[in-house]
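coords23.cif follows (mmCIF, C-alpha atoms):
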```cif
data_run
loop_
_atom_site.group_PDB
_atom_site.id
_atom_site.type_symbol
_atom_site.label_atom_id
_atom_site.label_comp_id
_atom_site.auth_asym_id
_atom_site.auth_seq_id
_atom_site.Cartn_x
_atom_site.Cartn_y
_atom_site.Cartn_z
ATOM 1 C CA MET A 794 6.448 3.608 16.534
ATOM 2 C CA LYS A 795 5.178 0.410 14.970
ATOM 3 C CA THR A 796 1.874 -0.024 13.234
ATOM 4 C CA THR A 797 -1.013 -1.434 15.233
ATOM 5 C CA THR A 798 -3.747 -3.919 14.428
ATOM 6 C CA GLU A 799 -6.147 -3.152 17.292
ATOM 7 C CA ILE A 800 -9.812 -2.440 16.531
ATOM 8 C CA ILE A 801 -9.248 1.161 17.671
ATOM 9 C CA ALA A 802 -6.105 2.996 16.538
ATOM 10 C CA ARG A 803 -3.694 3.668 19.388
ATOM 11 C CA GLU A 804 -4.086 7.422 18.904
ATOM 12 C CA GLY A 805 -7.700 7.055 20.051
ATOM 13 C CA TRP A 806 -6.976 5.287 23.327
ATOM 14 C CA LYS A 807 -6.402 8.473 25.355
ATOM 15 C CA PRO A 808 -9.645 10.290 24.376
ATOM 16 C CA LEU A 809 -11.529 7.002 24.764
ATOM 17 C CA VAL A 810 -10.273 6.546 28.356
ATOM 18 C CA ILE A 811 -11.165 10.172 29.137
ATOM 19 C CA GLY A 812 -14.662 9.631 27.781
ATOM 20 C CA VAL A 813 -15.146 6.458 29.845
ATOM 21 C CA ILE A 814 -13.939 8.215 33.012
ATOM 22 C CA VAL A 815 -16.352 11.108 32.467
ATOM 23 C CA LEU A 816 -19.171 8.618 31.822
ATOM 24 C CA LEU A 817 -18.418 6.797 35.084
ATOM 25 C CA LEU A 818 -18.273 10.072 37.017
ATOM 26 C CA SER A 819 -21.594 11.176 35.532
ATOM 27 C CA TRP A 820 -23.125 7.869 36.641
ATOM 28 C CA LEU A 821 -21.574 8.254 40.107
ATOM 29 C CA PHE A 822 -22.971 11.775 40.566
ATOM 30 C CA SER A 823 -26.269 11.036 38.762
ATOM 31 C CA SER A 824 -25.667 13.601 36.040
ATOM 32 C CA GLY A 825 -27.784 12.452 33.118
ATOM 33 C CA PHE A 826 -26.878 15.341 30.824
ATOM 34 C CA LEU A 827 -23.136 14.883 31.316
ATOM 35 C CA GLY A 828 -23.578 11.149 30.853
ATOM 36 C CA TRP A 829 -25.250 11.634 27.478
ATOM 37 C CA LEU A 830 -22.478 14.001 26.381
ATOM 38 C CA ALA A 831 -19.852 11.464 27.449
ATOM 39 C CA PHE A 832 -21.688 8.666 25.641
ATOM 40 C CA ILE A 833 -21.896 10.707 22.403
ATOM 41 C CA PHE A 834 -18.196 11.576 22.747
ATOM 42 C CA ILE A 835 -17.253 7.898 23.168
ATOM 43 C CA VAL A 836 -19.273 6.892 20.101
ATOM 44 C CA GLY A 837 -17.577 9.672 18.123
ATOM 45 C CA VAL A 838 -14.117 8.519 19.222
ATOM 46 C CA LEU A 839 -14.899 4.912 18.286
ATOM 47 C CA TYR A 840 -16.061 6.048 14.847
ATOM 48 C CA CYS A 841 -13.151 8.426 14.130
ATOM 49 C CA TYR A 842 -10.424 6.061 15.364
ATOM 50 C CA TYR A 843 -11.819 2.798 13.993
ATOM 51 C CA ASN A 844 -9.000 0.662 12.591
ATOM 52 C CA PRO A 845 -10.534 -1.486 9.799
ATOM 53 C CA GLU A 846 -8.900 -4.079 7.600
ATOM 54 C CA ARG A 847 -8.790 -3.134 3.919
ATOM 55 C CA ILE A 848 -8.657 -5.297 0.784
ATOM 56 C CA PRO A 849 -7.197 -3.648 -2.356
ATOM 57 C CA GLU A 850 -9.283 -3.500 -5.542
ATOM 58 C CA ASP A 851 -6.402 -5.070 -7.464
ATOM 59 C CA ILE A 852 -2.940 -6.494 -6.743
ATOM 60 C CA ALA A 853 -1.167 -5.445 -9.948
ATOM 61 C CA GLU A 854 2.482 -4.425 -9.557
ATOM 62 C CA ASN A 855 1.906 -1.127 -11.406
ATOM 63 C CA LEU A 856 -1.109 -0.133 -9.301
ATOM 64 C CA ILE A 857 -1.126 2.918 -7.015
ATOM 65 C CA LEU A 858 -3.632 2.646 -4.172
ATOM 66 C CA SER A 859 -4.905 5.605 -2.237
ATOM 67 C CA PRO A 860 -2.828 6.090 0.944
ATOM 68 C CA ILE A 861 -5.612 8.069 2.624
ATOM 69 C CA ASP A 862 -9.388 8.119 3.085
ATOM 70 C CA GLY A 863 -11.042 11.193 1.655
ATOM 71 C CA LYS A 864 -12.837 12.917 -1.187
ATOM 72 C CA ILE A 865 -11.035 14.089 -4.330
ATOM 73 C CA GLU A 866 -11.468 17.847 -4.706
ATOM 74 C CA SER A 867 -9.280 18.473 -7.743
ATOM 75 C CA ILE A 868 -6.922 16.787 -10.218
ATOM 76 C CA GLU A 869 -4.109 18.786 -11.796
ATOM 77 C CA LYS A 870 -1.673 17.678 -14.490
ATOM 78 C CA THR A 871 1.730 19.421 -14.477
ATOM 79 C CA ASP A 872 5.153 18.859 -16.017
ATOM 80 C CA ASN A 873 6.224 17.112 -12.792
ATOM 81 C CA GLY A 874 3.302 14.736 -12.446
ATOM 82 C CA ILE A 875 -0.410 14.402 -11.747
ATOM 83 C CA TYR A 876 -1.580 15.915 -8.464
ATOM 84 C CA LEU A 877 -4.736 14.907 -6.631
ATOM 85 C CA GLU A 878 -6.129 17.183 -3.926
ATOM 86 C CA ILE A 879 -7.953 15.131 -1.286
ATOM 87 C CA ASP A 880 -10.049 16.403 1.611
ATOM 88 C CA LYS A 881 -9.909 14.283 4.784
ATOM 89 C CA PRO A 882 -12.841 15.116 7.107
ATOM 90 C CA LEU A 883 -12.823 14.243 10.793
ATOM 91 C CA TYR A 884 -15.418 11.478 10.344
ATOM 92 C CA PHE A 885 -13.450 9.526 7.689
ATOM 93 C CA CYS A 886 -11.092 6.757 8.834
ATOM 94 C CA GLY A 887 -7.722 8.285 9.722
ATOM 95 C CA LEU A 888 -5.362 5.376 9.029
ATOM 96 C CA LEU A 889 -2.680 6.073 6.400
ATOM 97 C CA ARG A 890 -1.578 3.073 4.322
ATOM 98 C CA MET A 891 1.134 2.165 1.846
ATOM 99 C CA PRO A 892 -0.019 2.692 -1.780
ATOM 100 C CA PHE A 893 2.238 -0.174 -2.928
ATOM 101 C CA GLU A 894 5.009 -2.398 -1.618
ATOM 102 C CA GLY A 895 8.170 -0.459 -0.863
ATOM 103 C CA SER A 896 9.601 2.111 1.524
ATOM 104 C CA MET A 897 8.571 5.482 2.893
ATOM 105 C CA LYS A 898 10.371 8.492 4.295
ATOM 106 C CA GLN A 899 9.454 11.868 5.701
ATOM 107 C CA LYS A 900 11.284 14.318 3.467
ATOM 108 C CA GLU A 901 9.988 17.551 4.943
ATOM 109 C CA LYS A 902 8.101 18.858 7.948
ATOM 110 C CA ILE A 903 7.192 22.539 8.227
ATOM 111 C CA ASN A 904 5.708 23.838 11.484
ATOM 112 C CA GLY A 905 3.909 26.707 9.794
ATOM 113 C CA VAL A 906 0.752 28.580 10.704
ATOM 114 C CA LEU A 907 -2.087 26.252 11.696
ATOM 115 C CA ASN A 908 -5.128 26.273 9.367
ATOM 116 C CA ALA A 909 -3.339 28.674 7.000
ATOM 117 C CA SER A 910 -2.825 28.364 3.237
ATOM 118 C CA PRO A 911 -0.525 25.595 1.939
ATOM 119 C CA ILE A 912 2.235 28.156 1.309
ATOM 120 C CA ILE A 913 2.601 29.314 4.940
ATOM 121 C CA GLY A 914 0.694 26.575 6.756
ATOM 122 C CA GLN A 915 1.811 23.502 8.648
ATOM 123 C CA ARG A 916 2.671 20.641 6.312
ATOM 124 C CA THR A 917 4.512 17.340 6.034
ATOM 125 C CA LEU A 918 5.902 15.760 2.874
ATOM 126 C CA LEU A 919 6.050 11.962 2.628
ATOM 127 C CA GLU A 920 7.749 10.082 -0.204
ATOM 128 C CA PHE A 921 6.848 6.515 -1.162
ATOM 129 C CA PHE A 922 9.282 4.384 -3.161
ATOM 130 C CA HIS A 923 8.086 1.291 -5.007
ATOM 131 C CA THR A 924 10.323 -1.782 -5.068
ATOM 132 C CA GLN A 925 10.385 -1.370 -8.880
ATOM 133 C CA GLY A 926 11.557 2.265 -8.738
ATOM 134 C CA MET A 927 8.278 4.189 -8.941
ATOM 135 C CA LYS A 928 7.870 7.204 -6.628
ATOM 136 C CA VAL A 929 4.764 8.881 -5.167
ATOM 137 C CA GLU A 930 4.730 11.913 -2.900
ATOM 138 C CA MET A 931 2.081 13.126 -0.482
ATOM 139 C CA PHE A 932 1.848 16.556 1.110
ATOM 140 C CA ILE A 933 -0.252 16.506 4.289
ATOM 141 C CA TYR A 934 -1.838 19.683 5.663
ATOM 142 C CA PRO A 935 -3.262 19.172 9.182
ATOM 143 C CA LYS A 936 -6.316 21.196 10.210
ATOM 144 C CA ALA A 937 -8.169 21.958 13.464
ATOM 145 C CA TYR A 938 -5.204 21.456 15.799
ATOM 146 C CA ARG A 939 -1.519 20.589 15.758
ATOM 147 C CA ASN A 940 -0.098 17.108 16.149
ATOM 148 C CA ASN A 941 -3.026 15.274 14.548
ATOM 149 C CA LEU A 942 -0.571 13.453 12.286
ATOM 150 C CA HIS A 943 1.264 10.379 13.609
ATOM 151 C CA LEU A 944 3.679 8.311 11.511
ATOM 152 C CA TYR A 945 4.902 4.751 12.083
ATOM 153 C CA PHE A 946 8.568 4.351 11.186
ATOM 154 C CA GLY A 947 9.166 1.018 12.907
ATOM 155 C CA GLU A 948 10.122 -0.718 9.646
ATOM 156 C CA SER A 949 12.306 0.109 6.643
ATOM 157 C CA LYS A 950 10.101 -1.734 4.143
ATOM 158 C CA PHE A 951 6.324 -1.879 4.084
ATOM 159 C CA LYS A 952 3.852 -4.204 2.423
ATOM 160 C CA VAL A 953 1.071 -2.861 0.228
ATOM 161 C CA THR A 954 -1.893 -1.527 2.328
ATOM 162 C CA GLN A 955 0.195 -1.718 5.521
ATOM 163 C CA ARG A 956 -0.639 0.928 8.106
ATOM 164 C CA ILE A 957 1.975 3.690 8.131
ATOM 165 C CA GLY A 958 0.358 6.407 10.209
ATOM 166 C CA PHE A 959 -2.738 8.194 11.435
ATOM 167 C CA PHE A 960 -4.146 11.520 10.193
ATOM 168 C CA LEU A 961 -7.255 12.874 11.876
ATOM 169 C CA LYS A 962 -8.322 15.882 9.803
ATOM 170 C CA GLY A 963 -7.042 18.087 6.987
ATOM 171 C CA LYS A 964 -6.065 17.898 3.346
ATOM 172 C CA ALA A 965 -3.574 15.925 1.277
ATOM 173 C CA ARG A 966 -1.971 16.552 -2.104
ATOM 174 C CA ILE A 967 -0.761 13.365 -3.771
ATOM 175 C CA GLY A 968 1.692 13.472 -6.665
ATOM 176 C CA ILE A 969 1.817 10.442 -8.991
ATOM 177 C CA PRO A 970 3.794 9.817 -12.238
ATOM 178 C CA LEU A 971 2.658 11.446 -15.495
ATOM 179 C CA ASN A 972 2.369 8.057 -17.188
ATOM 180 C CA THR A 973 -0.421 6.990 -14.823
ATOM 181 C CA GLU A 974 -3.792 5.916 -16.179
ATOM 182 C CA LEU A 975 -6.180 7.442 -13.638
ATOM 183 C CA LYS A 976 -9.072 5.408 -12.246
ATOM 184 C CA VAL A 977 -10.604 8.236 -10.204
ATOM 185 C CA SER A 978 -12.212 11.589 -10.918
ATOM 186 C CA VAL A 979 -13.161 14.744 -9.020
ATOM 187 C CA GLY A 980 -15.855 14.064 -6.425
ATOM 188 C CA ASP A 981 -14.920 10.419 -5.885
ATOM 189 C CA ARG A 982 -14.492 9.102 -2.372
ATOM 190 C CA VAL A 983 -11.345 7.024 -1.918
ATOM 191 C CA PHE A 984 -10.393 4.533 0.774
ATOM 192 C CA ALA A 985 -6.836 3.999 1.991
ATOM 193 C CA GLY A 986 -5.402 0.647 0.955
ATOM 194 C CA SER A 987 -8.455 -0.191 -1.130
ATOM 195 C CA SER A 988 -9.242 2.387 -3.833
ATOM 196 C CA ALA A 989 -7.136 2.377 -6.997
ATOM 197 C CA LEU A 990 -5.845 5.810 -7.992
ATOM 198 C CA GLY A 991 -4.354 4.530 -11.221
ATOM 199 C CA TYR A 992 -1.992 2.216 -13.115
ATOM 200 C CA VAL A 993 1.501 3.308 -14.133
ATOM 201 C CA TYR A 994 2.568 2.327 -17.679
#
```

Here is a file; write its structure as structure tokens.
Amino acid sequence: MKTTTEIIAREGWKPLVIGVIVLLLSWLFSSGFLGWLAFIFIVGVLYCYYNPERIPEDIAENLILSPIDGKIESIEKTDNGIYLEIDKPLYFCGLLRMPFEGSMKQKEKINGVLNASPIIGQRTLLEFFHTQGMKVEMFIYPKAYRNNLHLYFGESKFKVTQRIGFFLKGKARIGIPLNTELKVSVGDRVFAGSSALGYVY
């Protein structure tokens, strides 16, 4: 599936059509209450599936941009790298974007228990490879319902900030190199394709 540039992400087209149909039916049968519910649902879909353009804070070659919208819950430094735990609520933009120019692959997909802990829960591991050899990994843990993660593998090489998928709700754990100078802290809100996570030296 190739990335899209429509105002509303393709994943939102189906619920949007359903909402419009219900709104028309409520108008046809003069159901004001149902019409208001349909209208609120449509507004919610437009908000959740909005597909904005993003401009990165910097264009440095050693910069790692956030691949996801969310709020940083924790930062952990280990022998294998620096790991950022990011919460992605339903009402944040769901577009996933390349953190730098390079390639991406899905290394792992586990159909575990929905809404369970990271150990036994459903998860997907993505790996990003910079054209200069740098690697970043992102574990994605969907919440609420299955199949709220969609990936675009239409190309072998992606530009920085290019749309690579859609993730509606859940958590992400991003692993970046140890020699990264962080530009974020716990509690910060980050924007995919715009917010700088750090510079690798």

| Evaluating the PyMOL selection byres ((chain A and resi 846-851) around 8) on the displayed file yields which residues, as a PyMOL selection string? | chain A and resi 844-845+852-853+856+858+954+985-989

| field | For Tyr992 of chain A: contacts at 7 Å, only C-alpha atoms, fewer than 2 positions along chain excluded, given as an MDAnalysis selection string | value | chainID A and resid 855:857 973:975 994

| query | For this file, the PyMOL selection byres ((chain A and resi 927) around 12) selects which residues, as a list in words? | reply |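 Applying the expression gives Glu854, Asn855, Leu856, Ile857, Pro892, Phe893, Glu894, Gly895, Ser896, Met897, Glu920, Phe921, Phe922, His923, Thr924, Gln925, Gly926, Lys928, Val929, Glu930, Gly968, Ile969, Pro970, Leu971, Asn972, Thr973, Tyr992, Val993 and Tyr994 of chain A.
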
Write out the residues from the selection above, keeping C-alpha atoms, as an mmCIF file, in the coordinates of the input.
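As a result, result.cif now contains:
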```cif
data_model
loop_
_atom_site.group_PDB
_atom_site.id
_atom_site.type_symbol
_atom_site.label_atom_id
_atom_site.label_comp_id
_atom_site.auth_asym_id
_atom_site.auth_seq_id
_atom_site.Cartn_x
_atom_site.Cartn_y
_atom_site.Cartn_z
ATOM 1 C CA GLU A 854 2.482 -4.425 -9.557
ATOM 2 C CA ASN A 855 1.906 -1.127 -11.406
ATOM 3 C CA LEU A 856 -1.109 -0.133 -9.301
ATOM 4 C CA ILE A 857 -1.126 2.918 -7.015
ATOM 5 C CA PRO A 892 -0.019 2.692 -1.780
ATOM 6 C CA PHE A 893 2.238 -0.174 -2.928
ATOM 7 C CA GLU A 894 5.009 -2.398 -1.618
ATOM 8 C CA GLY A 895 8.170 -0.459 -0.863
ATOM 9 C CA SER A 896 9.601 2.111 1.524
ATOM 10 C CA MET A 897 8.571 5.482 2.893
ATOM 11 C CA GLU A 920 7.749 10.082 -0.204
ATOM 12 C CA PHE A 921 6.848 6.515 -1.162
ATOM 13 C CA PHE A 922 9.282 4.384 -3.161
ATOM 14 C CA HIS A 923 8.086 1.291 -5.007
ATOM 15 C CA THR A 924 10.323 -1.782 -5.068
ATOM 16 C CA GLN A 925 10.385 -1.370 -8.880
ATOM 17 C CA GLY A 926 11.557 2.265 -8.738
ATOM 18 C CA LYS A 928 7.870 7.204 -6.628
ATOM 19 C CA VAL A 929 4.764 8.881 -5.167
ATOM 20 C CA GLU A 930 4.730 11.913 -2.900
ATOM 21 C CA GLY A 968 1.692 13.472 -6.665
ATOM 22 C CA ILE A 969 1.817 10.442 -8.991
ATOM 23 C CA PRO A 970 3.794 9.817 -12.238
ATOM 24 C CA LEU A 971 2.658 11.446 -15.495
ATOM 25 C CA ASN A 972 2.369 8.057 -17.188
ATOM 26 C CA THR A 973 -0.421 6.990 -14.823
ATOM 27 C CA TYR A 992 -1.992 2.216 -13.115
ATOM 28 C CA VAL A 993 1.501 3.308 -14.133
ATOM 29 C CA TYR A 994 2.568 2.327 -17.679
#
```

| query | Could you state the separation of atom CA of Tyr934 of chain A and atom CA of Lys952 of chain A in Å, given to one decimal place? | reply | 24.8 Å

| Between atom CA of Arg916 of chain A and atom CA of Phe834 of chain A, distance in Å (one decimal) |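 Answer for the atom CA of Arg916 of chain A to atom CA of Phe834 of chain A separation: 28.1 Å.
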
| request: Translate the PyMOL selection byres ((chain A and resi 803-818) around 6), as applied to the file shown, into an explicit residue set as a ChimeraX atom specification. | output: /A:802,819-821,828,831,835,842

Write out the residues from the selection above, keeping C-alpha atoms, as a short mmCIF file (atom, residue, chain, number, x, y, z; two decimals), keeping the file's coordinate frame.
```
data_model
loop_
_atom_site.label_atom_id
_atom_site.label_comp_id
_atom_site.auth_asym_id
_atom_site.auth_seq_id
_atom_site.Cartn_x
_atom_site.Cartn_y
_atom_site.Cartn_z
CA ALA A 802 -6.10 3.00 16.54
CA SER A 819 -21.59 11.18 35.53
CA TRP A 820 -23.12 7.87 36.64
CA LEU A 821 -21.57 8.25 40.11
CA GLY A 828 -23.58 11.15 30.85
CA ALA A 831 -19.85 11.46 27.45
CA ILE A 835 -17.25 7.90 23.17
CA TYR A 842 -10.42 6.06 15.36
#
```

| query | With distances taken over all atoms listed in the file, which of A:Lys962, A:Ile933, A:Leu919, A:Asn873 is nearest to Gly887 of chain A? | reply |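 Looking at the shortest contact to Gly887 of chain A, the residue is A:Lys962.
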
| field | Which of A:Leu839, A:Ile903, A:Ile801, A:Leu961 sits closest to Lys881 of chain A [using all atoms listed in the file] | value |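 Comparing A:Leu839, A:Ile903, A:Ile801, A:Leu961 against Lys881 of chain A, the winner is A:Leu961.
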
| What is the distance between atom CA of Phe960 of chain A and atom CA of Leu990 of chain A, in Å to one decimal? |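 Computing the Euclidean distance for atom CA of Phe960 of chain A and atom CA of Leu990 of chain A yields 19.1 Å.
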
Just need the box for segment 957-971 of chain A, edges along x, y and z, holding every atom the file lists for it with 3 Å tacked onto each side, so centre and edge lengths in Å to one decimal, as JSON.
```
{"center_x": -2.3, "center_y": 10.9, "center_z": -1.8, "size_x": 18.1, "size_y": 20.4, "size_z": 33.4}
```
